[in-house]
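Student: The structure that follows is given in the form of structure tokens.
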Amino acid sequence: MSMPLPGLLLLALLVCLPVGWVVAEFRGGRALRIGLGLLAIGLVGMSVWGLSNLLARFQYNAWYGAATDDLIGTSLEQIEDGHLERVLKIWRGLQLQYHPTYETRAHYDELVEEATSRMRGDVPIAAGSAWDAPVFTAETWGGHWEDDTGYWIVIDAFEAPFRVVRSGQPRIEAHDVSLSADHRVLRFTEGDRWRHTLVLQNKYEADCEWFDLEKGVVWKTRPMFKLVRASAEMKARSAVHPVPGGESGP
């Protein structure tokens, strides 16, 4: 592989300037000797600095690649072994702790080492630590939820406590709203008859238990689904593909 022109020019200067300086020490004047000496020293210094930065970049790429490979491999291995909940918890903790900047490496390799050791179970996840992060956030609940019977609730997750309004007339606002510490379980009371307990299965699905306060028994448990507003990308995709049972897009 041939060397690019800038590299050839730099190599030529690295060779010629010191040689010229040596020759000038015997045959040149004082000004020429000083000038060539300063140029040679400066060029060599800059070259050493550039080479050290290049080697550091290669080193950074090496440890960054190795750490990322370990993180991906460990995540896949633990998910395949059925430890999805633990992997999600650790990834959430890693996200909260990793703050990349252009100035530092943000301890990426150290954080990944701590993350993978906990994913594998080699190191326990200490309660209340940065790695004991909830899989879901409070904002996961925000939006419109509905079951297959048409019963729906709207949850305002940006207030504390949550504001929950249900379907029907009149629109009744729930009371005694509470959220578990891990944000997975939401409870609220509807009127003086029903207490609802919703447990997240994922960020778009929750099991809803209806508890009859008068009879003191569970009446039913049904899944509820969070309605998602179609994004611009989803709308564009549906416009150019055939709709099942309908007309094709343009």
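Chain labels A, B, ... are given in the sequence in which chains occur in the structure tokens; within each chain residues are numbered consecutively from 1, and ligands are likewise numbered from 1 in the order shown.
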Write out as an NGL selection string all residues of range 115-223 of chain A that backbone DSSP assigns to alpha helix (DSSP H).
Tutor: :A and (115-119)
Student: Could you write those residues out with C-alpha atoms, as a PDB file, in the first residue's frame?
Tutor:
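Once written, result.pdb looks like this:
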```
ATOM      1  CA  ALA A 115     -22.476  -3.815  34.894  1.00  0.00           C
ATOM      2  CA  THR A 116     -21.474  -7.180  33.415  1.00  0.00           C
ATOM      3  CA  SER A 117     -20.372  -8.589  36.777  1.00  0.00           C
ATOM      4  CA  ARG A 118     -23.836  -7.826  38.154  1.00  0.00           C
ATOM      5  CA  MET A 119     -25.602  -9.152  35.062  1.00  0.00           C
TER       6      MET A 119
END
```
Student: Extract, using only C-alpha atoms, all DNA, RNA and protein residues at most 8 Å from Lys220 in chain A, discarding same-chain residues fewer than 5 positions from it, and format them as a VMD selection string.
Tutor: chain A and resid 209 to 211
Student: Go ahead and dump the residues you just picked, N, CA, C and O atoms, as a compact mmCIF listing (two decimals), in the first residue's frame.
Tutor:
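The resulting part_7.txt:
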```
# COMPACT_ATOMS: atom_id res chain seq x y z
N GLU A 209 -56.50 -5.65 37.84
CA GLU A 209 -57.36 -6.41 38.75
C GLU A 209 -58.43 -5.48 39.31
O GLU A 209 -58.15 -4.41 39.82
N TRP A 210 -59.71 -5.94 39.20
CA TRP A 210 -60.84 -5.22 39.76
C TRP A 210 -61.19 -5.87 41.11
O TRP A 210 -61.54 -7.05 41.15
N PHE A 211 -61.10 -5.11 42.18
CA PHE A 211 -61.41 -5.65 43.50
C PHE A 211 -62.70 -4.99 43.99
O PHE A 211 -62.81 -3.76 44.05
```
Student: Counting only C-alpha atoms, which of A:Leu227, A:Leu198, A:Ala66, A:Val123 gets nearest to Arg184 in chain A?
Tutor: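 Counting only C-alpha atoms, the residue closest to Arg184 in chain A is A:Leu198.
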Student: As a PyMOL selection string, please: the residues near range 141-156 of chain A (cut-off 6 Å, only C-alpha atoms, same-chain neighbours under 5 positions excluded).
Tutor: chain A and resi 162-167+224-227
Student: Store the residues picked out above, limited to all heavy atoms, as a PDB file, in the first residue's frame.
Tutor:
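What ended up in result.pdb:
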```pdb
ATOM      1  N   PHE A 162     -50.462  10.853  40.711  1.00  0.00           N
ATOM      2  CA  PHE A 162     -51.047  10.770  39.387  1.00  0.00           C
ATOM      3  C   PHE A 162     -52.521  11.190  39.422  1.00  0.00           C
ATOM      4  O   PHE A 162     -53.224  10.987  40.419  1.00  0.00           O
ATOM      5  CB  PHE A 162     -50.992   9.333  38.864  1.00  0.00           C
ATOM      6  CG  PHE A 162     -49.614   8.879  38.471  1.00  0.00           C
ATOM      7  CD1 PHE A 162     -49.409   7.580  38.036  1.00  0.00           C
ATOM      8  CD2 PHE A 162     -48.533   9.731  38.526  1.00  0.00           C
ATOM      9  CE1 PHE A 162     -48.155   7.146  37.668  1.00  0.00           C
ATOM     10  CE2 PHE A 162     -47.271   9.309  38.164  1.00  0.00           C
ATOM     11  CZ  PHE A 162     -47.085   8.005  37.743  1.00  0.00           C
ATOM     12  N   ARG A 163     -52.944  11.738  38.302  1.00  0.00           N
ATOM     13  CA  ARG A 163     -54.364  12.034  38.116  1.00  0.00           C
ATOM     14  C   ARG A 163     -54.915  10.985  37.154  1.00  0.00           C
ATOM     15  O   ARG A 163     -54.429  10.845  36.036  1.00  0.00           O
ATOM     16  CB  ARG A 163     -54.550  13.439  37.555  1.00  0.00           C
ATOM     17  CG  ARG A 163     -56.000  13.848  37.352  1.00  0.00           C
ATOM     18  CD  ARG A 163     -56.099  15.331  37.012  1.00  0.00           C
ATOM     19  NE  ARG A 163     -57.474  15.725  36.799  1.00  0.00           N
ATOM     20  CZ  ARG A 163     -58.052  15.819  35.588  1.00  0.00           C
ATOM     21  NH1 ARG A 163     -57.333  15.562  34.500  1.00  0.00           N
ATOM     22  NH2 ARG A 163     -59.320  16.178  35.466  1.00  0.00           N
ATOM     23  N   VAL A 164     -55.918  10.231  37.601  1.00  0.00           N
ATOM     24  CA  VAL A 164     -56.484   9.145  36.798  1.00  0.00           C
ATOM     25  C   VAL A 164     -57.969   9.415  36.589  1.00  0.00           C
ATOM     26  O   VAL A 164     -58.728   9.568  37.555  1.00  0.00           O
ATOM     27  CB  VAL A 164     -56.307   7.775  37.487  1.00  0.00           C
ATOM     28  CG1 VAL A 164     -56.876   6.653  36.615  1.00  0.00           C
ATOM     29  CG2 VAL A 164     -54.829   7.514  37.786  1.00  0.00           C
ATOM     30  N   VAL A 165     -58.392   9.469  35.333  1.00  0.00           N
ATOM     31  CA  VAL A 165     -59.796   9.684  34.978  1.00  0.00           C
ATOM     32  C   VAL A 165     -60.261   8.504  34.158  1.00  0.00           C
ATOM     33  O   VAL A 165     -59.553   8.043  33.252  1.00  0.00           O
ATOM     34  CB  VAL A 165     -59.973  10.992  34.185  1.00  0.00           C
ATOM     35  CG1 VAL A 165     -61.433  11.194  33.800  1.00  0.00           C
ATOM     36  CG2 VAL A 165     -59.478  12.183  34.999  1.00  0.00           C
ATOM     37  N   ARG A 166     -61.466   7.989  34.452  1.00  0.00           N
ATOM     38  CA  ARG A 166     -61.953   6.803  33.750  1.00  0.00           C
ATOM     39  C   ARG A 166     -63.053   7.166  32.768  1.00  0.00           C
ATOM     40  O   ARG A 166     -63.616   8.265  32.784  1.00  0.00           O
ATOM     41  CB  ARG A 166     -62.470   5.772  34.744  1.00  0.00           C
ATOM     42  CG  ARG A 166     -63.789   6.135  35.421  1.00  0.00           C
ATOM     43  CD  ARG A 166     -64.476   4.867  35.902  1.00  0.00           C
ATOM     44  NE  ARG A 166     -65.691   5.103  36.652  1.00  0.00           N
ATOM     45  CZ  ARG A 166     -66.880   5.343  36.099  1.00  0.00           C
ATOM     46  NH1 ARG A 166     -67.016   5.437  34.798  1.00  0.00           N
ATOM     47  NH2 ARG A 166     -67.951   5.512  36.879  1.00  0.00           N
ATOM     48  N   SER A 167     -63.402   6.183  31.915  1.00  0.00           N
ATOM     49  CA  SER A 167     -64.454   6.356  30.927  1.00  0.00           C
ATOM     50  C   SER A 167     -65.826   6.345  31.590  1.00  0.00           C
ATOM     51  O   SER A 167     -65.960   6.042  32.779  1.00  0.00           O
ATOM     52  CB  SER A 167     -64.381   5.227  29.895  1.00  0.00           C
ATOM     53  OG  SER A 167     -64.511   3.964  30.533  1.00  0.00           O
ATOM     54  N   MET A 224     -54.872  -4.528  30.047  1.00  0.00           N
ATOM     55  CA  MET A 224     -55.134  -3.212  29.474  1.00  0.00           C
ATOM     56  C   MET A 224     -53.933  -2.828  28.620  1.00  0.00           C
ATOM     57  O   MET A 224     -52.797  -3.230  28.901  1.00  0.00           O
ATOM     58  CB  MET A 224     -55.362  -2.159  30.561  1.00  0.00           C
ATOM     59  CG  MET A 224     -56.590  -2.389  31.412  1.00  0.00           C
ATOM     60  SD  MET A 224     -57.031  -0.925  32.402  1.00  0.00           S
ATOM     61  CE  MET A 224     -57.736   0.152  31.145  1.00  0.00           C
ATOM     62  N   PHE A 225     -54.215  -2.057  27.583  1.00  0.00           N
ATOM     63  CA  PHE A 225     -53.174  -1.714  26.621  1.00  0.00           C
ATOM     64  C   PHE A 225     -53.086  -0.200  26.471  1.00  0.00           C
ATOM     65  O   PHE A 225     -54.099   0.497  26.447  1.00  0.00           O
ATOM     66  CB  PHE A 225     -53.463  -2.356  25.262  1.00  0.00           C
ATOM     67  CG  PHE A 225     -53.612  -3.854  25.336  1.00  0.00           C
ATOM     68  CD1 PHE A 225     -54.865  -4.435  25.493  1.00  0.00           C
ATOM     69  CD2 PHE A 225     -52.494  -4.675  25.286  1.00  0.00           C
ATOM     70  CE1 PHE A 225     -55.007  -5.809  25.582  1.00  0.00           C
ATOM     71  CE2 PHE A 225     -52.626  -6.051  25.378  1.00  0.00           C
ATOM     72  CZ  PHE A 225     -53.884  -6.622  25.527  1.00  0.00           C
ATOM     73  N   LYS A 226     -51.864   0.261  26.377  1.00  0.00           N
ATOM     74  CA  LYS A 226     -51.630   1.690  26.217  1.00  0.00           C
ATOM     75  C   LYS A 226     -51.714   2.056  24.744  1.00  0.00           C
ATOM     76  O   LYS A 226     -51.008   1.474  23.911  1.00  0.00           O
ATOM     77  CB  LYS A 226     -50.258   2.061  26.775  1.00  0.00           C
ATOM     78  CG  LYS A 226     -49.938   3.550  26.745  1.00  0.00           C
ATOM     79  CD  LYS A 226     -48.586   3.809  27.390  1.00  0.00           C
ATOM     80  CE  LYS A 226     -48.239   5.287  27.404  1.00  0.00           C
ATOM     81  NZ  LYS A 226     -46.937   5.543  28.047  1.00  0.00           N
ATOM     82  N   LEU A 227     -52.578   2.984  24.428  1.00  0.00           N
ATOM     83  CA  LEU A 227     -52.715   3.429  23.040  1.00  0.00           C
ATOM     84  C   LEU A 227     -51.546   4.342  22.688  1.00  0.00           C
ATOM     85  O   LEU A 227     -51.179   5.226  23.460  1.00  0.00           O
ATOM     86  CB  LEU A 227     -54.028   4.164  22.818  1.00  0.00           C
ATOM     87  CG  LEU A 227     -55.255   3.287  22.498  1.00  0.00           C
ATOM     88  CD1 LEU A 227     -55.537   2.310  23.631  1.00  0.00           C
ATOM     89  CD2 LEU A 227     -56.481   4.138  22.216  1.00  0.00           C
TER      90      LEU A 227
END
```
Student: With only C-alpha atoms as the atoms that count, which of A:Glu80, A:Asp70, A:Glu85, A:Glu159 lies nearest to Asn202 in chain A?
Tutor: A:Glu85
Student: With distances taken over only C-alpha atoms, which of A:Thr197, A:Ala230, A:Arg120, A:Pro100 is nearest to Ile79 in chain A?
Tutor: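 Ranking A:Thr197, A:Ala230, A:Arg120, A:Pro100 by distance to Ile79 in chain A, first place goes to A:Arg120.
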Student: Go ahead and compute the interatomic distance for CA of Leu111 in chain A and CA of Lys203 in chain A, in Å to one decimal.
Tutor: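 Distance between the two atoms: 26.2 Å.
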Student: Which neighbours of Ala160 in chain A fall inside 12 Å, counting only C-alpha atoms, when residues of the same chain fewer than 5 positions from it are skipped, and could you give them as a ChimeraX atom specification?
Tutor: /A:138-139,155,176-179
Student: Can you write just those residues out, N, CA and C atoms, as a short mmCIF file (atom, residue, chain, number, x, y, z; two decimals), in the first residue's frame?
Tutor:
```
data_model
loop_
_atom_site.label_atom_id
_atom_site.label_comp_id
_atom_site.auth_asym_id
_atom_site.auth_seq_id
_atom_site.Cartn_x
_atom_site.Cartn_y
_atom_site.Cartn_z
N ALA A 138 -41.83 6.39 36.17
CA ALA A 138 -43.20 6.85 36.44
C ALA A 138 -43.88 7.30 35.15
N GLU A 139 -43.10 7.88 34.23
CA GLU A 139 -43.69 8.37 32.99
C GLU A 139 -44.22 7.24 32.10
N ILE A 155 -54.26 8.53 32.26
CA ILE A 155 -53.36 8.77 33.39
C ILE A 155 -52.46 9.95 33.09
N ASP A 176 -57.05 7.99 46.02
CA ASP A 176 -56.12 7.06 46.68
C ASP A 176 -55.17 6.43 45.66
N VAL A 177 -54.63 7.25 44.78
CA VAL A 177 -53.71 6.76 43.74
C VAL A 177 -52.33 6.55 44.37
N SER A 178 -51.73 5.38 44.13
CA SER A 178 -50.40 5.10 44.66
C SER A 178 -49.59 4.33 43.62
N LEU A 179 -48.29 4.50 43.69
CA LEU A 179 -47.37 3.86 42.76
C LEU A 179 -46.27 3.17 43.55
#
```
Student: Using CA of Ala174 in chain A and CA of Val135 in chain A as the two end points, give the distance in Å to one decimal.
Tutor: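 Going from CA of Ala174 in chain A over to CA of Val135 in chain A, I get 25.5 Å.
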Student: Have a look at CA of Val218 in chain A and CA of Val185 in chain A and let me know their distance in Å, one decimal.
Tutor: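 Going from CA of Val218 in chain A over to CA of Val185 in chain A covers 16.6 Å.
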